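A.B. asks: Have a look at this one.
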Amino acid sequence: MHMSDSYHKFEKLCDDIFALSPTIRSAAVIDKIGKLVAGGMRQGIKSLEDKEDSQKLYVEFALRSVMREDFDEEFGKTIYSFSEREKIKLASFPLDNHHILRVSIKKEEPRSNEIIDNILKIIGKNITS
């Protein structure tokens, strides 16, 4: 796949995810070294961290995702990972061998499980096909 093809595919993925709920704050695709490939913050919403810290976070997410792969043989591949913090909910979805989708959801959202299920359906339709 040509680089611009995958960029457009990932941008569409992020747009489709934003359309699921106004409580989704960000949808970003990063590569395995933590570089932002597509997406980002929802328009009009300010990130909780500054731009420099966003880059650090992306690197941390990428590293965590790669480290999880060490247990693929024992536990199977990661479908997604989810964490709930005091101010936000975060989910990571491995997309292929080189990219990870990161989604942040407002803390107050009671249907985060439903949102995650819908994200998995979107990934199944757009990425694996």
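Ordered as shown in the structure tokens, chains take letters A, B, and onward, while each chain numbers its residues from 1 and ligands are numbered from 1 in the order shown.
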Compile the contact shell of Val37 (chain A) as a list in words: residues with an atom at most 8 Å away, counting only C-alpha atoms, same-chain residues fewer than 5 positions apart removed.
C.D. replies: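 Contacts, in chain order: Tyr7, Phe10, Ala28, Val29, Ile30 and Asp31 of chain A.
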A.B. asks: Find the residues around Lys46 (chain A) up to 10 Å (only C-alpha atoms counted), leave out those fewer than 5 positions away in its own chain, and share them as a PDB file with N, CA, C and O atoms, in the first residue's frame.
C.D. replies:
ATOM      1  N   ARG A  25     -12.626  12.553  22.590  1.00  0.00           N
ATOM      2  CA  ARG A  25     -11.784  13.750  22.563  1.00  0.00           C
ATOM      3  C   ARG A  25     -10.716  13.683  21.482  1.00  0.00           C
ATOM      4  O   ARG A  25     -10.395  14.681  20.857  1.00  0.00           O
ATOM      5  N   SER A  26     -10.143  12.491  21.310  1.00  0.00           N
ATOM      6  CA  SER A  26      -9.092  12.350  20.307  1.00  0.00           C
ATOM      7  C   SER A  26      -9.129  10.959  19.689  1.00  0.00           C
ATOM      8  O   SER A  26      -9.576  10.002  20.322  1.00  0.00           O
ATOM      9  N   MET A  41      -6.488  15.531  17.984  1.00  0.00           N
ATOM     10  CA  MET A  41      -7.564  16.004  18.855  1.00  0.00           C
ATOM     11  C   MET A  41      -8.801  16.360  18.021  1.00  0.00           C
ATOM     12  O   MET A  41      -8.676  16.801  16.880  1.00  0.00           O
TER      13      MET A  41
END
A.B. asks: For the structure I just gave you, how does DSSP split region 19-48 of chain A - specifically, which residues are strand (DSSP E or B)? Reply as a PDB file with N, CA and C atoms, in the first residue's frame.
C.D. replies:
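Once everything was written out, this is states-v6.pdb:
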ATOM      1  N   ILE A  24     -15.834  11.557  22.405  1.00  0.00           N
ATOM      2  CA  ILE A  24     -14.495  11.142  21.986  1.00  0.00           C
ATOM      3  C   ILE A  24     -13.666  12.407  21.779  1.00  0.00           C
ATOM      4  N   ARG A  25     -12.626  12.553  22.590  1.00  0.00           N
ATOM      5  CA  ARG A  25     -11.784  13.750  22.563  1.00  0.00           C
ATOM      6  C   ARG A  25     -10.716  13.683  21.482  1.00  0.00           C
ATOM      7  N   SER A  26     -10.143  12.491  21.310  1.00  0.00           N
ATOM      8  CA  SER A  26      -9.092  12.350  20.307  1.00  0.00           C
ATOM      9  C   SER A  26      -9.129  10.959  19.689  1.00  0.00           C
ATOM     10  N   ALA A  27      -8.681  10.899  18.459  1.00  0.00           N
ATOM     11  CA  ALA A  27      -8.489   9.634  17.744  1.00  0.00           C
ATOM     12  C   ALA A  27      -7.232   9.835  16.920  1.00  0.00           C
ATOM     13  N   ALA A  28      -6.193   9.084  17.241  1.00  0.00           N
ATOM     14  CA  ALA A  28      -4.906   9.281  16.580  1.00  0.00           C
ATOM     15  C   ALA A  28      -4.292   7.937  16.218  1.00  0.00           C
ATOM     16  N   VAL A  29      -3.716   7.877  15.038  1.00  0.00           N
ATOM     17  CA  VAL A  29      -2.961   6.699  14.631  1.00  0.00           C
ATOM     18  C   VAL A  29      -1.490   7.058  14.758  1.00  0.00           C
ATOM     19  N   ILE A  30      -0.756   6.215  15.501  1.00  0.00           N
ATOM     20  CA  ILE A  30       0.688   6.409  15.661  1.00  0.00           C
ATOM     21  C   ILE A  30       1.401   5.174  15.117  1.00  0.00           C
ATOM     22  N   ASP A  31       2.665   5.364  14.772  1.00  0.00           N
ATOM     23  CA  ASP A  31       3.429   4.208  14.311  1.00  0.00           C
ATOM     24  C   ASP A  31       4.154   3.579  15.504  1.00  0.00           C
ATOM     25  N   LEU A  36       3.094  10.464  15.202  1.00  0.00           N
ATOM     26  CA  LEU A  36       1.705  10.664  14.781  1.00  0.00           C
ATOM     27  C   LEU A  36       1.609  10.503  13.266  1.00  0.00           C
ATOM     28  N   VAL A  37       0.712   9.602  12.826  1.00  0.00           N
ATOM     29  CA  VAL A  37       0.552   9.322  11.402  1.00  0.00           C
ATOM     30  C   VAL A  37      -0.713   9.990  10.866  1.00  0.00           C
ATOM     31  N   ALA A  38      -1.784   9.976  11.659  1.00  0.00           N
ATOM     32  CA  ALA A  38      -3.064  10.554  11.220  1.00  0.00           C
ATOM     33  C   ALA A  38      -3.907  10.873  12.444  1.00  0.00           C
ATOM     34  N   GLY A  39      -4.891  11.746  12.245  1.00  0.00           N
ATOM     35  CA  GLY A  39      -5.817  12.080  13.320  1.00  0.00           C
ATOM     36  C   GLY A  39      -5.212  13.041  14.327  1.00  0.00           C
ATOM     37  N   GLY A  40      -5.787  13.043  15.531  1.00  0.00           N
ATOM     38  CA  GLY A  40      -5.342  13.942  16.593  1.00  0.00           C
ATOM     39  C   GLY A  40      -6.527  14.316  17.473  1.00  0.00           C
ATOM     40  N   MET A  41      -6.488  15.531  17.984  1.00  0.00           N
ATOM     41  CA  MET A  41      -7.564  16.004  18.855  1.00  0.00           C
ATOM     42  C   MET A  41      -8.801  16.360  18.021  1.00  0.00           C
TER      43      MET A  41
END
A.B. asks: When you draw a straight line from CA of Asp16 (chain A) to CA of Arg111 (chain A), how long is it in Å?
C.D. replies: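 Pair CA of Asp16 (chain A) / CA of Arg111 (chain A) returns 17.3 Å.
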A.B. asks: What's the 8 Å shell around region 88-91 of chain A, counting only C-alpha atoms, without same-chain residues fewer than 4 positions away, as a ChimeraX atom specification?
C.D. replies: /A:80-84,102-107,116
A.B. asks: Write out as a list in words each polymer residue whose atoms come within 12 Å of Lys121 (chain A), counting only C-alpha atoms; drop sequence neighbours fewer than 6 positions from it.
C.D. replies: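 What passes the distance filter is Leu13, Asp16, Ile17, Leu20, Ile79, Phe93, Glu114, Ile115, Ile127, Thr128 and Ser129 of chain A.
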A.B. asks: Hey, which of A:Ser4, A:Asn118, A:Ser65, A:Thr23 ends up closest to Ser92 (chain A)? Count only C-alpha atoms.
C.D. replies: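 Among A:Ser4, A:Asn118, A:Ser65, A:Thr23, it is A:Ser65 that comes nearest to Ser92 (chain A).
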A.B. asks: Tell me, in Å to one decimal, how far CA of Lys32 (chain A) is from CA of Ala19 (chain A).
C.D. replies: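 Between these atoms lies a distance of 25.7 Å.
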A.B. asks: Run DSSP on the backbone of this structure and report the residues of chain A it assigns to alpha helix (DSSP H), as a compact mmCIF listing (two decimals) with N, CA, C and O atoms, in the first residue's frame.
C.D. replies:
# COMPACT_ATOMS: atom_id res chain seq x y z
N MET A 3 2.08 5.02 0.77
CA MET A 3 2.00 5.78 2.02
C MET A 3 0.77 6.70 2.07
O MET A 3 0.09 6.76 3.07
N SER A 4 0.48 7.42 0.97
CA SER A 4 -0.66 8.33 1.01
C SER A 4 -1.98 7.56 1.09
O SER A 4 -2.94 8.03 1.68
N ASP A 5 -2.01 6.34 0.52
CA ASP A 5 -3.21 5.51 0.64
C ASP A 5 -3.47 5.16 2.10
O ASP A 5 -4.59 5.24 2.58
N SER A 6 -2.41 4.75 2.81
CA SER A 6 -2.60 4.39 4.21
C SER A 6 -2.94 5.62 5.05
O SER A 6 -3.75 5.54 5.95
N TYR A 7 -2.34 6.77 4.70
CA TYR A 7 -2.67 8.01 5.41
C TYR A 7 -4.17 8.31 5.28
O TYR A 7 -4.84 8.58 6.27
N HIS A 8 -4.69 8.24 4.06
CA HIS A 8 -6.11 8.53 3.84
C HIS A 8 -6.99 7.51 4.54
O HIS A 8 -8.03 7.85 5.09
N LYS A 9 -6.57 6.26 4.53
CA LYS A 9 -7.30 5.20 5.21
C LYS A 9 -7.35 5.48 6.72
O LYS A 9 -8.40 5.35 7.35
N PHE A 10 -6.22 5.90 7.30
CA PHE A 10 -6.16 6.19 8.74
C PHE A 10 -6.93 7.47 9.09
O PHE A 10 -7.55 7.56 10.14
N GLU A 11 -6.88 8.48 8.20
CA GLU A 11 -7.65 9.71 8.44
C GLU A 11 -9.15 9.40 8.44
O GLU A 11 -9.89 9.88 9.29
N LYS A 12 -9.59 8.57 7.50
CA LYS A 12 -10.99 8.17 7.43
C LYS A 12 -11.37 7.39 8.70
O LYS A 12 -12.44 7.60 9.27
N LEU A 13 -10.49 6.51 9.13
CA LEU A 13 -10.72 5.75 10.37
C LEU A 13 -10.96 6.70 11.54
O LEU A 13 -11.93 6.56 12.28
N CYS A 14 -10.10 7.70 11.68
CA CYS A 14 -10.24 8.67 12.78
C CYS A 14 -11.54 9.46 12.65
O CYS A 14 -12.25 9.67 13.65
N ASP A 15 -11.88 9.89 11.44
CA ASP A 15 -13.14 10.62 11.21
C ASP A 15 -14.34 9.76 11.59
O ASP A 15 -15.28 10.24 12.23
N ASP A 16 -14.31 8.48 11.19
CA ASP A 16 -15.41 7.56 11.52
C ASP A 16 -15.54 7.38 13.03
O ASP A 16 -16.65 7.27 13.56
N ILE A 17 -14.43 7.37 13.72
CA ILE A 17 -14.45 7.21 15.18
C ILE A 17 -14.99 8.47 15.84
O ILE A 17 -15.83 8.39 16.74
N PHE A 18 -14.57 9.65 15.39
CA PHE A 18 -15.12 10.90 15.94
C PHE A 18 -16.64 10.94 15.77
O PHE A 18 -17.35 11.47 16.61
N LYS A 51 2.02 20.00 23.57
CA LYS A 51 2.43 19.29 22.36
C LYS A 51 3.66 18.40 22.60
O LYS A 51 3.71 17.26 22.14
N GLU A 52 4.63 18.90 23.34
CA GLU A 52 5.84 18.13 23.63
C GLU A 52 5.49 16.88 24.43
O GLU A 52 6.01 15.80 24.17
N ASP A 53 4.59 17.02 25.40
CA ASP A 53 4.18 15.86 26.20
C ASP A 53 3.35 14.89 25.38
O ASP A 53 3.38 13.68 25.63
N SER A 54 2.60 15.38 24.39
CA SER A 54 1.86 14.49 23.50
C SER A 54 2.81 13.54 22.81
O SER A 54 2.56 12.33 22.72
N GLN A 55 3.93 14.07 22.32
CA GLN A 55 4.93 13.24 21.64
C GLN A 55 5.48 12.18 22.59
O GLN A 55 5.63 11.03 22.24
N LYS A 56 5.76 12.58 23.84
CA LYS A 56 6.25 11.62 24.84
C LYS A 56 5.22 10.53 25.10
O LYS A 56 5.55 9.35 25.21
N LEU A 57 3.96 10.93 25.19
CA LEU A 57 2.88 9.97 25.40
C LEU A 57 2.79 8.98 24.25
O LEU A 57 2.64 7.78 24.48
N TYR A 58 2.88 9.47 23.01
CA TYR A 58 2.82 8.59 21.85
C TYR A 58 3.94 7.56 21.88
O TYR A 58 3.73 6.39 21.58
N VAL A 59 5.14 8.00 22.25
CA VAL A 59 6.28 7.08 22.34
C VAL A 59 6.01 6.04 23.43
O VAL A 59 6.24 4.84 23.23
N GLU A 60 5.47 6.48 24.56
CA GLU A 60 5.15 5.55 25.65
C GLU A 60 4.09 4.53 25.20
O GLU A 60 4.22 3.33 25.46
N PHE A 61 3.04 4.99 24.52
CA PHE A 61 1.99 4.08 24.05
C PHE A 61 2.57 3.06 23.08
O PHE A 61 2.24 1.89 23.13
N ALA A 62 3.43 3.53 22.17
CA ALA A 62 4.02 2.64 21.18
C ALA A 62 4.90 1.59 21.87
O ALA A 62 4.82 0.40 21.56
N LEU A 63 5.70 2.03 22.83
CA LEU A 63 6.57 1.12 23.56
C LEU A 63 5.76 0.08 24.33
O LEU A 63 6.06 -1.11 24.29
N ARG A 64 4.71 0.53 24.99
CA ARG A 64 3.84 -0.37 25.73
C ARG A 64 3.22 -1.42 24.80
O ARG A 64 3.14 -2.60 25.14
N SER A 65 2.77 -0.97 23.65
CA SER A 65 2.15 -1.86 22.68
C SER A 65 3.14 -2.92 22.20
O SER A 65 2.82 -4.10 22.12
N VAL A 66 4.36 -2.50 21.88
CA VAL A 66 5.39 -3.43 21.43
C VAL A 66 5.73 -4.41 22.54
O VAL A 66 5.90 -5.61 22.30
N MET A 67 5.82 -3.93 23.78
CA MET A 67 6.14 -4.81 24.91
C MET A 67 5.05 -5.85 25.14
O MET A 67 5.34 -6.98 25.51
N ARG A 68 3.79 -5.48 24.90
CA ARG A 68 2.69 -6.43 25.05
C ARG A 68 2.83 -7.61 24.09
O ARG A 68 2.38 -8.70 24.38
N ASP A 72 2.21 -12.41 23.23
CA ASP A 72 1.26 -12.87 22.21
C ASP A 72 1.18 -14.40 22.15
O ASP A 72 0.10 -14.96 22.00
N GLU A 73 2.32 -15.05 22.28
CA GLU A 73 2.32 -16.51 22.18
C GLU A 73 1.52 -17.15 23.31
O GLU A 73 0.75 -18.08 23.08
N GLU A 74 1.69 -16.63 24.52
CA GLU A 74 0.98 -17.20 25.67
C GLU A 74 -0.50 -16.80 25.72
O GLU A 74 -1.35 -17.63 26.00
N PHE A 75 -0.79 -15.53 25.46
CA PHE A 75 -2.15 -15.01 25.68
C PHE A 75 -2.93 -14.71 24.41
O PHE A 75 -4.11 -14.38 24.46
N SER A 112 -18.61 3.84 27.53
CA SER A 112 -17.31 3.64 26.88
C SER A 112 -17.17 2.22 26.32
O SER A 112 -16.56 2.04 25.26
N ASN A 113 -17.77 1.22 26.95
CA ASN A 113 -17.71 -0.15 26.41
C ASN A 113 -18.39 -0.24 25.05
O ASN A 113 -17.89 -0.90 24.14
N GLU A 114 -19.52 0.43 24.92
CA GLU A 114 -20.25 0.45 23.64
C GLU A 114 -19.42 1.17 22.57
O GLU A 114 -19.36 0.72 21.42
N ILE A 115 -18.77 2.26 22.94
CA ILE A 115 -17.92 2.99 22.01
C ILE A 115 -16.77 2.09 21.55
O ILE A 115 -16.47 2.02 20.35
N ILE A 116 -16.15 1.38 22.48
CA ILE A 116 -15.04 0.48 22.14
C ILE A 116 -15.52 -0.62 21.19
O ILE A 116 -14.86 -0.92 20.19
N ASP A 117 -16.69 -1.20 21.47
CA ASP A 117 -17.24 -2.22 20.57
C ASP A 117 -17.43 -1.66 19.16
O ASP A 117 -17.12 -2.33 18.16
N ASN A 118 -17.94 -0.44 19.07
CA ASN A 118 -18.14 0.19 17.76
C ASN A 118 -16.82 0.51 17.06
O ASN A 118 -16.72 0.39 15.83
N ILE A 119 -15.82 0.91 17.82
CA ILE A 119 -14.49 1.16 17.25
C ILE A 119 -13.93 -0.14 16.67
O ILE A 119 -13.40 -0.16 15.56
N LEU A 120 -14.09 -1.25 17.41
CA LEU A 120 -13.61 -2.55 16.91
C LEU A 120 -14.31 -2.93 15.60
O LEU A 120 -13.67 -3.47 14.68
N LYS A 121 -15.61 -2.62 15.50
CA LYS A 121 -16.34 -2.89 14.25
C LYS A 121 -15.80 -2.04 13.11
O LYS A 121 -15.63 -2.53 11.99
N ILE A 122 -15.54 -0.77 13.37
CA ILE A 122 -15.00 0.14 12.35
C ILE A 122 -13.62 -0.35 11.90
O ILE A 122 -13.33 -0.39 10.70
N ILE A 123 -12.78 -0.74 12.85
CA ILE A 123 -11.45 -1.25 12.51
C ILE A 123 -11.59 -2.50 11.64
O ILE A 123 -10.91 -2.65 10.62
N GLY A 124 -12.50 -3.38 12.02
CA GLY A 124 -12.73 -4.61 11.26
C GLY A 124 -13.14 -4.34 9.82
O GLY A 124 -12.68 -5.01 8.90
N LYS A 125 -13.96 -3.32 9.64
CA LYS A 125 -14.43 -2.97 8.29
C LYS A 125 -13.36 -2.25 7.47
O LYS A 125 -13.19 -2.51 6.30
N ASN A 126 -12.67 -1.32 8.10
CA ASN A 126 -11.77 -0.42 7.36
C ASN A 126 -10.32 -0.87 7.26
O ASN A 126 -9.64 -0.52 6.32
